[in-house]
Structures are given as structure tokens and as C-alpha cells.
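I have placed the structure first, in the form of C-alpha cells, so that the comments after it can refer back to it.
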Amino acid sequence: LEDNIPATKAAVRGKGNMVTAYRTERTTRVRCWGTRVGPAPALSSSRRTQPRGTRNLTRMAVNKVMISGAPASGKGTQCEMLSGNYNLTHISAGDLLRAEVGSGTANGLKAKEFMDAGKLVPNEIVVTMVKDRLNQPDALAGWLLDGYPRSKDQADALEEANIRPEVFLLLEVPDSILVDRVVGRRLDPETGKIYHLKYAPPESEEVAERLIQRSDDTEEKVVPRLETHNSNVAAILDSYSDVLVRINGDQAKDKVYADIQEALKSL
């Protein structure tokens, strides 16, 4: 339902199916249990009052969002919270790349060489993948692009494809904190869950014994990655200076999220 629009609900029977019709001032939506549904019944104006327990859903003023930050700046966590509350499709370039690497494709093998060296993956390997993902049906209604673009060339490539955000969120965290966050990360190969030895330790000795450190989660790898990120971020921000919102990422995740919400409300 659209937010702040009074809604009513009525259960009716039609052709053997139970139908629940939600009627607002603008439209009627139908939810059904069965195989066939007829037109939603008209609801009289006298019944257009909001029933007890009806929830007003949060609606975002924008539906094309980019979020950027250095490795371990908290992009993924904030994307999970934002996409869940605002019904945006979360698209992580990192996840797309890891899927290619895990599948052992030609592009995946090339990307792995750069990832293991702590460098950015070249545009030609990533840009087409991201553009195709943004054009899938679930992303057309609204998307949240996590950690991409990472360079001026990538930003230019998206501009050429007419892909531009309505807001660009930048999470800012000191490098020393980022190194600590990265080096302490561990992966559970059985569940795919990420732990942190200091901030989110495993819940049992059994889990702790099987944790592994990803090849790009060492200090030797993350320091050059941070240097590369920092050298490119200013150029990226020039591309999105008119929609840029800076967020202090060196806080508890709930406080970071609250700051993002306040910033979005002001748009």
C-alpha cells in the first residue's frame, strides 16, 4: 500500500476462491488464495476507514541509490537494512564478481588475479555484468547499488549507459579502523556467514575451528586496496557531487542507519 493512504480490507468469495481486497483512495489491490480471481468488489465510501492493525509502509522519496565506501566500511550491512525497509533491490558488484570467480568463468579467473593482488577489477570485466543486472525486472522498480562504481572510468561507463543515482551515499571511516575490521574477518565455508574475531565472534568452538580467512582479508592485501580506493574516490565524487550525502561510518550500525534515514528524509 502507498504510505499514509487510508486502506480497508474485505474478504469475499468468488468462484470458490477466498479473495482479500485492499482498497485505497487511488487503487484496489487483490490478494488471493486459489487459481482464478475476478474483479475486486466495490467498497462503499462508508467503509473507507483504516482497520485496526493496518500498517503504513515506509516509502522512499528516491528509488535509485548508490552507496560507496572503502572495504569494511559497512556498505553491505546498511544495504540490507535499507533494501528491507524501502523495498529496493540490493545489488552488490562484489557478489556478482564472487559468483563469476566461484563459477570459474573466464571473467572470474581474470577478476581473481586482480582481487588477490588487492587491485580493482578492470571495467571490461564488470561494467556489462552490472548493467545487465540493473536491467532485470526486479531492479526496474528501484535499486540499491552497493560498492560500485569504484573508479572514474566505471562512473563514466554507467553515465554512458544512462545509469545515474538520485542519491549517492558515502560512508566515511578512518583507514586504521578499516584495517582492523578487515583483518579480523573470518568466513564459515559451510554456511557462508561472515564473523569477526573481535566484533562478532563465532557462537561455538565447533564453528570457530572451521573458520577461514579469505585471501583478500589480510593486512598485506587490504592496505593497497585502501590506497587504491582513496586515490579513486575523489574522482568518483566529482561525478556525483550534486547528489552526494556523506555519512559517518565510524559508529554503531544502528546509528549509521539512523543518520542515513535522516539524510533521505531531507531529500
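Numbering starts fresh at 1 for the residues of each chain in the C-alpha cells, the chains themselves are lettered A, B, ... in the order given, and ligands are numbered from 1 as they appear.
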Could you name the residues that touch Ile163 in chain A at 12 Å or less, counting only C-alpha atoms, but leaving out those on the same chain fewer than 2 positions away, as a CSV table (one decimal) with all heavy atoms, in the first residue's frame?
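See around.csv below for the written result:
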chain,number,residue,atom,x,y,z
A,64,LYS,N,16.6,5.2,-6.8
A,64,LYS,CA,17.9,4.8,-7.4
A,64,LYS,C,19.0,5.3,-6.5
A,64,LYS,O,19.3,6.5,-6.5
A,64,LYS,CB,18.0,5.4,-8.8
A,64,LYS,CG,17.0,4.9,-9.8
A,64,LYS,CD,17.1,5.6,-11.1
A,64,LYS,CE,16.0,5.1,-12.1
A,64,LYS,NZ,16.1,5.8,-13.4
A,65,VAL,N,19.6,4.4,-5.8
A,65,VAL,CA,20.6,4.8,-4.7
A,65,VAL,C,21.9,4.0,-4.9
A,65,VAL,O,21.9,2.8,-5.2
A,65,VAL,CB,20.0,4.4,-3.4
A,65,VAL,CG1,21.0,4.8,-2.3
A,65,VAL,CG2,18.7,5.0,-3.1
A,66,MET,N,23.0,4.8,-4.8
A,66,MET,CA,24.3,4.2,-4.7
A,66,MET,C,24.9,4.4,-3.3
A,66,MET,O,24.7,5.5,-2.7
A,66,MET,CB,25.3,4.8,-5.8
A,66,MET,CG,25.0,4.4,-7.2
A,66,MET,SD,26.2,5.2,-8.3
A,66,MET,CE,25.7,4.6,-9.9
A,127,VAL,N,31.6,-3.9,-15.9
A,127,VAL,CA,30.5,-3.0,-16.3
A,127,VAL,C,29.3,-3.7,-17.0
A,127,VAL,O,28.2,-3.4,-16.6
A,127,VAL,CB,31.1,-1.9,-17.3
A,127,VAL,CG1,30.0,-1.1,-17.9
A,127,VAL,CG2,32.1,-1.0,-16.5
A,130,VAL,N,27.1,-5.5,-14.4
A,130,VAL,CA,26.3,-4.6,-13.6
A,130,VAL,C,25.1,-4.0,-14.4
A,130,VAL,O,24.0,-4.0,-13.9
A,130,VAL,CB,27.2,-3.5,-13.0
A,130,VAL,CG1,26.3,-2.4,-12.3
A,130,VAL,CG2,28.2,-4.0,-12.0
A,131,LYS,N,25.4,-3.6,-15.6
A,131,LYS,CA,24.3,-3.1,-16.5
A,131,LYS,C,23.2,-4.1,-16.7
A,131,LYS,O,22.1,-3.8,-16.6
A,131,LYS,CB,24.9,-2.6,-17.8
A,131,LYS,CG,25.8,-1.3,-17.7
A,131,LYS,CD,26.1,-0.7,-19.0
A,131,LYS,CE,26.9,-1.6,-19.9
A,131,LYS,NZ,27.2,-0.9,-21.2
A,132,ASP,N,23.6,-5.3,-17.0
A,132,ASP,CA,22.6,-6.4,-17.2
A,132,ASP,C,21.8,-6.6,-15.9
A,132,ASP,O,20.6,-6.8,-16.0
A,132,ASP,CB,23.3,-7.7,-17.6
A,132,ASP,CG,23.9,-7.6,-19.0
A,132,ASP,OD1,23.5,-6.7,-19.7
A,132,ASP,OD2,24.7,-8.5,-19.4
A,133,ARG,N,22.4,-6.6,-14.8
A,133,ARG,CA,21.7,-6.8,-13.5
A,133,ARG,C,20.7,-5.7,-13.2
A,133,ARG,O,19.6,-5.9,-12.8
A,133,ARG,CB,22.7,-6.9,-12.3
A,133,ARG,CG,22.0,-7.2,-11.0
A,133,ARG,CD,21.4,-8.6,-11.0
A,133,ARG,NE,20.6,-8.9,-9.8
A,133,ARG,CZ,19.3,-8.5,-9.7
A,133,ARG,NH1,18.7,-7.9,-10.6
A,133,ARG,NH2,18.7,-8.8,-8.5
A,134,LEU,N,21.1,-4.5,-13.5
A,134,LEU,CA,20.2,-3.3,-13.3
A,134,LEU,C,19.0,-3.3,-14.2
A,134,LEU,O,18.0,-2.7,-13.9
A,134,LEU,CB,21.0,-2.0,-13.4
A,134,LEU,CG,22.0,-1.7,-12.3
A,134,LEU,CD1,22.7,-0.4,-12.7
A,134,LEU,CD2,21.3,-1.6,-11.0
A,135,ASN,N,19.1,-4.0,-15.3
A,135,ASN,CA,18.0,-4.1,-16.3
A,135,ASN,C,17.1,-5.2,-16.0
A,135,ASN,O,16.1,-5.4,-16.8
A,135,ASN,CB,18.6,-4.1,-17.7
A,135,ASN,CG,19.1,-2.8,-18.2
A,135,ASN,OD1,18.6,-1.8,-17.8
A,135,ASN,ND2,20.2,-2.8,-18.9
A,140,LEU,N,14.1,-2.8,-11.8
A,140,LEU,CA,13.5,-1.6,-12.5
A,140,LEU,C,12.6,-0.8,-11.6
A,140,LEU,O,12.5,0.4,-11.9
A,140,LEU,CB,12.6,-2.1,-13.7
A,140,LEU,CG,13.4,-2.9,-14.8
A,140,LEU,CD1,12.5,-3.3,-15.9
A,140,LEU,CD2,14.5,-1.9,-15.4
A,143,TRP,N,16.5,0.4,-7.1
A,143,TRP,CA,17.7,-0.4,-6.8
A,143,TRP,C,18.7,0.3,-5.9
A,143,TRP,O,18.6,1.5,-5.7
A,143,TRP,CB,18.5,-0.8,-8.1
A,143,TRP,CG,18.7,0.3,-9.1
A,143,TRP,CD1,17.9,0.6,-10.3
A,143,TRP,CD2,19.7,1.4,-9.1
A,143,TRP,NE1,18.4,1.7,-10.9
A,143,TRP,CE2,19.5,2.2,-10.3
A,143,TRP,CE3,20.7,1.7,-8.2
A,143,TRP,CZ2,20.3,3.3,-10.6
A,143,TRP,CZ3,21.6,2.8,-8.5
A,143,TRP,CH2,21.3,3.6,-9.7
A,145,LEU,N,22.6,0.1,-5.3
A,145,LEU,CA,23.9,-0.4,-5.9
A,145,LEU,C,25.0,-0.2,-4.8
A,145,LEU,O,25.3,0.9,-4.4
A,145,LEU,CB,24.2,0.3,-7.2
A,145,LEU,CG,25.4,-0.2,-8.0
A,145,LEU,CD1,25.3,-1.7,-8.3
A,145,LEU,CD2,25.6,0.6,-9.3
A,148,TYR,N,29.7,0.2,-6.0
A,148,TYR,CA,30.0,0.4,-7.4
A,148,TYR,C,29.3,1.6,-7.9
A,148,TYR,O,28.2,1.8,-7.6
A,148,TYR,CB,29.5,-0.9,-8.2
A,148,TYR,CG,30.1,-0.9,-9.6
A,148,TYR,CD1,31.4,-1.5,-9.9
A,148,TYR,CD2,29.4,-0.4,-10.7
A,148,TYR,CE1,31.9,-1.5,-11.2
A,148,TYR,CE2,30.0,-0.4,-12.0
A,148,TYR,CZ,31.2,-1.0,-12.2
A,148,TYR,OH,31.7,-1.0,-13.5
A,149,PRO,N,30.0,2.5,-8.7
A,149,PRO,CA,31.4,2.3,-9.2
A,149,PRO,C,32.5,2.6,-8.2
A,149,PRO,O,32.3,3.2,-7.2
A,149,PRO,CB,31.4,3.4,-10.3
A,149,PRO,CG,30.5,4.5,-9.8
A,149,PRO,CD,29.4,3.8,-9.1
A,154,GLN,N,34.6,3.7,-14.3
A,154,GLN,CA,33.4,3.0,-14.1
A,154,GLN,C,32.2,3.9,-14.0
A,154,GLN,O,31.1,3.6,-14.6
A,154,GLN,CB,33.5,2.1,-12.8
A,154,GLN,CG,34.5,1.0,-13.0
A,154,GLN,CD,34.8,0.3,-11.7
A,154,GLN,OE1,34.3,0.7,-10.6
A,154,GLN,NE2,35.5,-0.9,-11.7
A,155,ALA,N,32.4,5.0,-13.3
A,155,ALA,CA,31.3,6.0,-13.2
A,155,ALA,C,30.9,6.5,-14.6
A,155,ALA,O,29.8,6.7,-14.9
A,155,ALA,CB,31.7,7.1,-12.3
A,156,ASP,N,32.0,6.8,-15.4
A,156,ASP,CA,31.7,7.3,-16.8
A,156,ASP,C,31.0,6.3,-17.6
A,156,ASP,O,30.1,6.6,-18.4
A,156,ASP,CB,33.0,7.7,-17.5
A,156,ASP,CG,33.7,8.9,-16.9
A,156,ASP,OD1,33.0,9.6,-16.1
A,156,ASP,OD2,34.9,9.1,-17.1
A,157,ALA,N,31.3,5.0,-17.4
A,157,ALA,CA,30.7,3.9,-18.2
A,157,ALA,C,29.2,3.8,-17.8
A,157,ALA,O,28.3,3.6,-18.7
A,157,ALA,CB,31.4,2.6,-17.9
A,158,LEU,N,28.9,4.0,-16.5
A,158,LEU,CA,27.5,4.0,-16.1
A,158,LEU,C,26.7,5.2,-16.7
A,158,LEU,O,25.6,5.1,-17.1
A,158,LEU,CB,27.4,3.9,-14.6
A,158,LEU,CG,27.9,2.6,-13.9
A,158,LEU,CD1,27.7,2.7,-12.4
A,158,LEU,CD2,27.1,1.4,-14.5
A,159,GLU,N,27.4,6.3,-16.7
A,159,GLU,CA,26.8,7.5,-17.2
A,159,GLU,C,26.4,7.3,-18.7
A,159,GLU,O,25.4,7.7,-19.2
A,159,GLU,CB,27.7,8.7,-17.1
A,159,GLU,CG,27.9,9.2,-15.6
A,159,GLU,CD,26.7,10.0,-15.2
A,159,GLU,OE1,26.0,10.7,-16.0
A,159,GLU,OE2,26.4,10.0,-14.0
A,160,GLU,N,27.4,6.7,-19.4
A,160,GLU,CA,27.1,6.4,-20.8
A,160,GLU,C,26.0,5.5,-21.1
A,160,GLU,O,25.3,5.6,-22.1
A,160,GLU,CB,28.4,5.8,-21.5
A,160,GLU,CG,29.5,6.8,-21.6
A,160,GLU,CD,30.8,6.2,-22.1
A,160,GLU,OE1,30.8,5.0,-22.4
A,160,GLU,OE2,31.9,6.9,-22.1
A,161,ALA,N,25.7,4.6,-20.1
A,161,ALA,CA,24.6,3.7,-20.1
A,161,ALA,C,23.3,4.3,-19.6
A,161,ALA,O,22.3,3.6,-19.4
A,161,ALA,CB,24.9,2.4,-19.4
A,165,PRO,N,22.3,7.6,-10.2
A,165,PRO,CA,21.6,7.6,-8.9
A,165,PRO,C,20.9,8.9,-8.6
A,165,PRO,O,21.3,9.9,-9.1
A,165,PRO,CB,22.6,7.3,-7.9
A,165,PRO,CG,23.8,8.0,-8.4
A,165,PRO,CD,23.8,7.8,-9.9
A,166,GLU,N,19.8,8.8,-7.8
A,166,GLU,CA,19.2,10.0,-7.3
A,166,GLU,C,19.8,10.5,-6.0
A,166,GLU,O,19.7,11.6,-5.6
A,166,GLU,CB,17.7,9.7,-7.1
A,166,GLU,CG,17.0,9.4,-8.4
A,166,GLU,CD,15.6,8.8,-8.1
A,166,GLU,OE1,15.5,7.8,-7.5
A,166,GLU,OE2,14.6,9.4,-8.6
A,240,TYR,N,29.3,12.6,-8.9
A,240,TYR,CA,28.0,12.6,-8.2
A,240,TYR,C,27.9,13.7,-7.1
A,240,TYR,O,27.1,13.6,-6.2
A,240,TYR,CB,27.8,11.3,-7.5
A,240,TYR,CG,27.9,10.1,-8.5
A,240,TYR,CD1,29.0,9.2,-8.4
A,240,TYR,CD2,26.9,9.9,-9.5
A,240,TYR,CE1,29.1,8.2,-9.4
A,240,TYR,CE2,27.0,8.9,-10.4
A,240,TYR,CZ,28.1,8.0,-10.3
A,240,TYR,OH,28.2,7.0,-11.2
Within 8 Å of range 104-116 of chain A using only C-alpha atoms, minus same-chain residues under 5 positions, as a PyMOL selection string: chain A and resi 97-99+121-122+125+215-216+221
Shell of 12 Å around Phe168 in chain A, only C-alpha atoms, local chain residues under 4 positions omitted, as a PDB file with N, CA and C atoms, in the first residue's frame:
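Contents of around.pdb, as written:
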ATOM      1  N   VAL A  62      13.288   8.530  -3.113  1.00  0.00           N
ATOM      2  CA  VAL A  62      14.091   8.193  -4.286  1.00  0.00           C
ATOM      3  C   VAL A  62      14.123   6.677  -4.436  1.00  0.00           C
ATOM      4  N   ASN A  63      14.380   6.180  -5.643  1.00  0.00           N
ATOM      5  CA  ASN A  63      14.439   4.725  -5.837  1.00  0.00           C
ATOM      6  C   ASN A  63      15.671   4.273  -6.617  1.00  0.00           C
ATOM      7  N   LYS A  64      16.645   5.175  -6.792  1.00  0.00           N
ATOM      8  CA  LYS A  64      17.911   4.821  -7.423  1.00  0.00           C
ATOM      9  C   LYS A  64      19.022   5.325  -6.516  1.00  0.00           C
ATOM     10  N   VAL A  65      19.636   4.393  -5.797  1.00  0.00           N
ATOM     11  CA  VAL A  65      20.584   4.764  -4.744  1.00  0.00           C
ATOM     12  C   VAL A  65      21.907   4.041  -4.946  1.00  0.00           C
ATOM     13  N   MET A  66      22.997   4.780  -4.796  1.00  0.00           N
ATOM     14  CA  MET A  66      24.328   4.184  -4.738  1.00  0.00           C
ATOM     15  C   MET A  66      24.884   4.404  -3.341  1.00  0.00           C
ATOM     16  N   ILE A  67      25.601   3.408  -2.846  1.00  0.00           N
ATOM     17  CA  ILE A  67      26.275   3.552  -1.558  1.00  0.00           C
ATOM     18  C   ILE A  67      27.730   3.131  -1.754  1.00  0.00           C
ATOM     19  N   SER A  68      28.639   3.956  -1.263  1.00  0.00           N
ATOM     20  CA  SER A  68      30.057   3.717  -1.501  1.00  0.00           C
ATOM     21  C   SER A  68      30.845   3.874  -0.212  1.00  0.00           C
ATOM     22  N   GLY A  69      32.010   3.252  -0.209  1.00  0.00           N
ATOM     23  CA  GLY A  69      32.898   3.334   0.938  1.00  0.00           C
ATOM     24  C   GLY A  69      34.022   2.345   0.756  1.00  0.00           C
ATOM     25  N   LEU A 144      19.484  -0.478  -5.238  1.00  0.00           N
ATOM     26  CA  LEU A 144      20.474  -0.004  -4.279  1.00  0.00           C
ATOM     27  C   LEU A 144      21.800  -0.632  -4.677  1.00  0.00           C
ATOM     28  N   LEU A 145      22.627   0.128  -5.340  1.00  0.00           N
ATOM     29  CA  LEU A 145      23.897  -0.385  -5.872  1.00  0.00           C
ATOM     30  C   LEU A 145      24.994  -0.227  -4.827  1.00  0.00           C
ATOM     31  N   ASP A 146      25.537  -1.356  -4.416  1.00  0.00           N
ATOM     32  CA  ASP A 146      26.454  -1.438  -3.284  1.00  0.00           C
ATOM     33  C   ASP A 146      27.901  -1.541  -3.753  1.00  0.00           C
ATOM     34  N   GLY A 147      28.679  -0.488  -3.494  1.00  0.00           N
ATOM     35  CA  GLY A 147      30.115  -0.556  -3.755  1.00  0.00           C
ATOM     36  C   GLY A 147      30.536  -0.421  -5.202  1.00  0.00           C
ATOM     37  N   TYR A 148      29.687   0.173  -6.011  1.00  0.00           N
ATOM     38  CA  TYR A 148      30.019   0.360  -7.424  1.00  0.00           C
ATOM     39  C   TYR A 148      29.320   1.616  -7.915  1.00  0.00           C
ATOM     40  N   PRO A 149      30.017   2.485  -8.664  1.00  0.00           N
ATOM     41  CA  PRO A 149      31.354   2.334  -9.246  1.00  0.00           C
ATOM     42  C   PRO A 149      32.462   2.564  -8.228  1.00  0.00           C
ATOM     43  N   ALA A 155      32.384   5.014 -13.324  1.00  0.00           N
ATOM     44  CA  ALA A 155      31.304   6.006 -13.223  1.00  0.00           C
ATOM     45  C   ALA A 155      30.947   6.535 -14.597  1.00  0.00           C
ATOM     46  N   ARG A 164      22.181   6.457 -13.521  1.00  0.00           N
ATOM     47  CA  ARG A 164      22.591   7.511 -12.601  1.00  0.00           C
ATOM     48  C   ARG A 164      21.729   7.472 -11.347  1.00  0.00           C
ATOM     49  N   ILE A 236      35.408   9.878  -8.260  1.00  0.00           N
ATOM     50  CA  ILE A 236      34.036   9.363  -8.296  1.00  0.00           C
ATOM     51  C   ILE A 236      33.075  10.409  -7.755  1.00  0.00           C
ATOM     52  N   LEU A 237      33.471  11.033  -6.662  1.00  0.00           N
ATOM     53  CA  LEU A 237      32.588  12.011  -6.019  1.00  0.00           C
ATOM     54  C   LEU A 237      32.350  13.215  -6.915  1.00  0.00           C
ATOM     55  N   ASP A 238      33.323  13.540  -7.744  1.00  0.00           N
ATOM     56  CA  ASP A 238      33.111  14.624  -8.702  1.00  0.00           C
ATOM     57  C   ASP A 238      31.952  14.303  -9.644  1.00  0.00           C
ATOM     58  N   SER A 239      31.796  13.034  -9.963  1.00  0.00           N
ATOM     59  CA  SER A 239      30.730  12.629 -10.877  1.00  0.00           C
ATOM     60  C   SER A 239      29.353  12.732 -10.232  1.00  0.00           C
ATOM     61  N   TYR A 240      29.309  12.648  -8.887  1.00  0.00           N
ATOM     62  CA  TYR A 240      28.025  12.624  -8.189  1.00  0.00           C
ATOM     63  C   TYR A 240      27.914  13.729  -7.133  1.00  0.00           C
ATOM     64  N   SER A 241      28.651  14.798  -7.322  1.00  0.00           N
ATOM     65  CA  SER A 241      28.693  15.850  -6.313  1.00  0.00           C
ATOM     66  C   SER A 241      27.322  16.478  -6.049  1.00  0.00           C
ATOM     67  N   ASP A 242      26.462  16.479  -7.059  1.00  0.00           N
ATOM     68  CA  ASP A 242      25.149  17.105  -6.895  1.00  0.00           C
ATOM     69  C   ASP A 242      24.163  16.239  -6.114  1.00  0.00           C
ATOM     70  N   VAL A 243      24.490  14.939  -5.921  1.00  0.00           N
ATOM     71  CA  VAL A 243      23.594  14.050  -5.172  1.00  0.00           C
ATOM     72  C   VAL A 243      24.332  13.378  -4.006  1.00  0.00           C
ATOM     73  N   LEU A 244      25.491  13.906  -3.646  1.00  0.00           N
ATOM     74  CA  LEU A 244      26.333  13.295  -2.615  1.00  0.00           C
ATOM     75  C   LEU A 244      25.826  13.574  -1.201  1.00  0.00           C
ATOM     76  N   VAL A 245      25.797  12.516  -0.376  1.00  0.00           N
ATOM     77  CA  VAL A 245      25.485  12.631   1.044  1.00  0.00           C
ATOM     78  C   VAL A 245      26.577  11.888   1.812  1.00  0.00           C
ATOM     79  N   ARG A 246      27.313  12.588   2.665  1.00  0.00           N
ATOM     80  CA  ARG A 246      28.383  11.976   3.460  1.00  0.00           C
ATOM     81  C   ARG A 246      27.818  11.466   4.789  1.00  0.00           C
ATOM     82  N   ILE A 247      28.204  10.236   5.158  1.00  0.00           N
ATOM     83  CA  ILE A 247      27.724   9.603   6.383  1.00  0.00           C
ATOM     84  C   ILE A 247      28.924   9.142   7.216  1.00  0.00           C
ATOM     85  N   ILE A 260      21.490   7.835   7.952  1.00  0.00           N
ATOM     86  CA  ILE A 260      21.097   7.705   6.551  1.00  0.00           C
ATOM     87  C   ILE A 260      19.621   8.032   6.388  1.00  0.00           C
ATOM     88  N   ALA A 263      19.049  11.709   6.480  1.00  0.00           N
ATOM     89  CA  ALA A 263      19.507  12.340   5.252  1.00  0.00           C
ATOM     90  C   ALA A 263      18.500  12.124   4.120  1.00  0.00           C
ATOM     91  N   LEU A 264      17.950  10.917   4.020  1.00  0.00           N
ATOM     92  CA  LEU A 264      16.990  10.617   2.964  1.00  0.00           C
ATOM     93  C   LEU A 264      15.682  11.392   3.135  1.00  0.00           C
ATOM     94  N   LEU A 267      15.606  14.821   1.465  1.00  0.00           N
ATOM     95  CA  LEU A 267      15.688  14.938   0.001  1.00  0.00           C
ATOM     96  C   LEU A 267      14.355  15.373  -0.585  1.00  0.00           C
TER      97      LEU A 267
END
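For the residues A:Val126, A:Leu226, A:Ala208, A:Ile91, ranking by smallest atom-to-atom distance to Asp138 in chain A using only C-alpha atoms places A:Ile91 first.
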Residue list (alpha helix (DSSP H), DSSP) for range 46-125 of chain A, as number ranges by chain: A: 75-86, 93-103, 106-116, 123-125
Residue list (strand (DSSP E), DSSP) for range 101-267 of chain A, as a list of chain:residue names: A:Trp143, A:Leu144, A:Leu145, A:Asp146, A:Val167, A:Phe168, A:Leu169, A:Leu170, A:Leu171, A:Glu172, A:Arg185, A:Arg186, A:Leu187, A:Ile194, A:Tyr195, A:His196, A:Leu244, A:Val245, A:Arg246, A:Ile247, A:Asn248
Output file for the residues above (N, CA and C atoms, as a short mmCIF file (atom, residue, chain, number, x, y, z; two decimals), in the first residue's frame):
data_model
loop_
_atom_site.label_atom_id
_atom_site.label_comp_id
_atom_site.auth_asym_id
_atom_site.auth_seq_id
_atom_site.Cartn_x
_atom_site.Cartn_y
_atom_site.Cartn_z
N TRP A 143 16.53 0.36 -7.13
CA TRP A 143 17.74 -0.40 -6.84
C TRP A 143 18.66 0.33 -5.88
N LEU A 144 19.48 -0.48 -5.24
CA LEU A 144 20.47 0.00 -4.28
C LEU A 144 21.80 -0.63 -4.68
N LEU A 145 22.63 0.13 -5.34
CA LEU A 145 23.90 -0.39 -5.87
C LEU A 145 24.99 -0.23 -4.83
N ASP A 146 25.54 -1.36 -4.42
CA ASP A 146 26.45 -1.44 -3.28
C ASP A 146 27.90 -1.54 -3.75
N VAL A 167 20.57 9.57 -5.36
CA VAL A 167 21.37 9.93 -4.19
C VAL A 167 22.58 9.01 -4.13
N PHE A 168 23.72 9.59 -3.74
CA PHE A 168 24.97 8.84 -3.61
C PHE A 168 25.42 8.94 -2.16
N LEU A 169 25.35 7.82 -1.43
CA LEU A 169 25.73 7.78 -0.02
C LEU A 169 27.18 7.36 0.12
N LEU A 170 27.96 8.15 0.85
CA LEU A 170 29.37 7.83 1.09
C LEU A 170 29.59 7.58 2.57
N LEU A 171 29.99 6.35 2.91
CA LEU A 171 30.32 6.01 4.29
C LEU A 171 31.79 6.31 4.54
N GLU A 172 32.07 7.16 5.51
CA GLU A 172 33.45 7.58 5.79
C GLU A 172 33.93 6.96 7.10
N ARG A 185 38.19 -10.40 10.00
CA ARG A 185 37.05 -11.11 9.40
C ARG A 185 37.39 -12.58 9.15
N ARG A 186 36.40 -13.45 9.36
CA ARG A 186 36.55 -14.87 9.07
C ARG A 186 35.27 -15.39 8.41
N LEU A 187 35.43 -16.36 7.51
CA LEU A 187 34.33 -16.93 6.76
C LEU A 187 34.06 -18.36 7.21
N ILE A 194 29.76 -14.52 7.65
CA ILE A 194 31.00 -13.80 7.98
C ILE A 194 31.01 -13.46 9.47
N TYR A 195 32.11 -13.79 10.13
CA TYR A 195 32.31 -13.45 11.54
C TYR A 195 33.46 -12.45 11.64
N HIS A 196 33.63 -11.90 12.85
CA HIS A 196 34.79 -11.07 13.15
C HIS A 196 35.33 -11.50 14.51
N LEU A 244 25.49 13.91 -3.65
CA LEU A 244 26.33 13.30 -2.62
C LEU A 244 25.83 13.57 -1.20
N VAL A 245 25.80 12.52 -0.38
CA VAL A 245 25.49 12.63 1.04
C VAL A 245 26.58 11.89 1.81
N ARG A 246 27.31 12.59 2.67
CA ARG A 246 28.38 11.98 3.46
C ARG A 246 27.82 11.47 4.79
N ILE A 247 28.20 10.24 5.16
CA ILE A 247 27.72 9.60 6.38
C ILE A 247 28.92 9.14 7.22
N ASN A 248 28.91 9.44 8.50
CA ASN A 248 29.96 8.98 9.41
C ASN A 248 29.77 7.49 9.66
#
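Atom pair CA of Glu219 in chain A / CA of Gly184 in chain A: separated by 9.7 Å.
Relative to CA of Ala234 in chain A, CA of Thr218 in chain A is found at 25.1 Å.
With CA of Lys193 in chain A on one side and CA of Leu211 in chain A on the other, the separation reads 9.5 Å.
Distances from A:Ala117, A:Ala139, A:Val173, A:Ala235 to Val223 in chain A were compared using only C-alpha atoms, and the smallest one belongs to A:Ala117.
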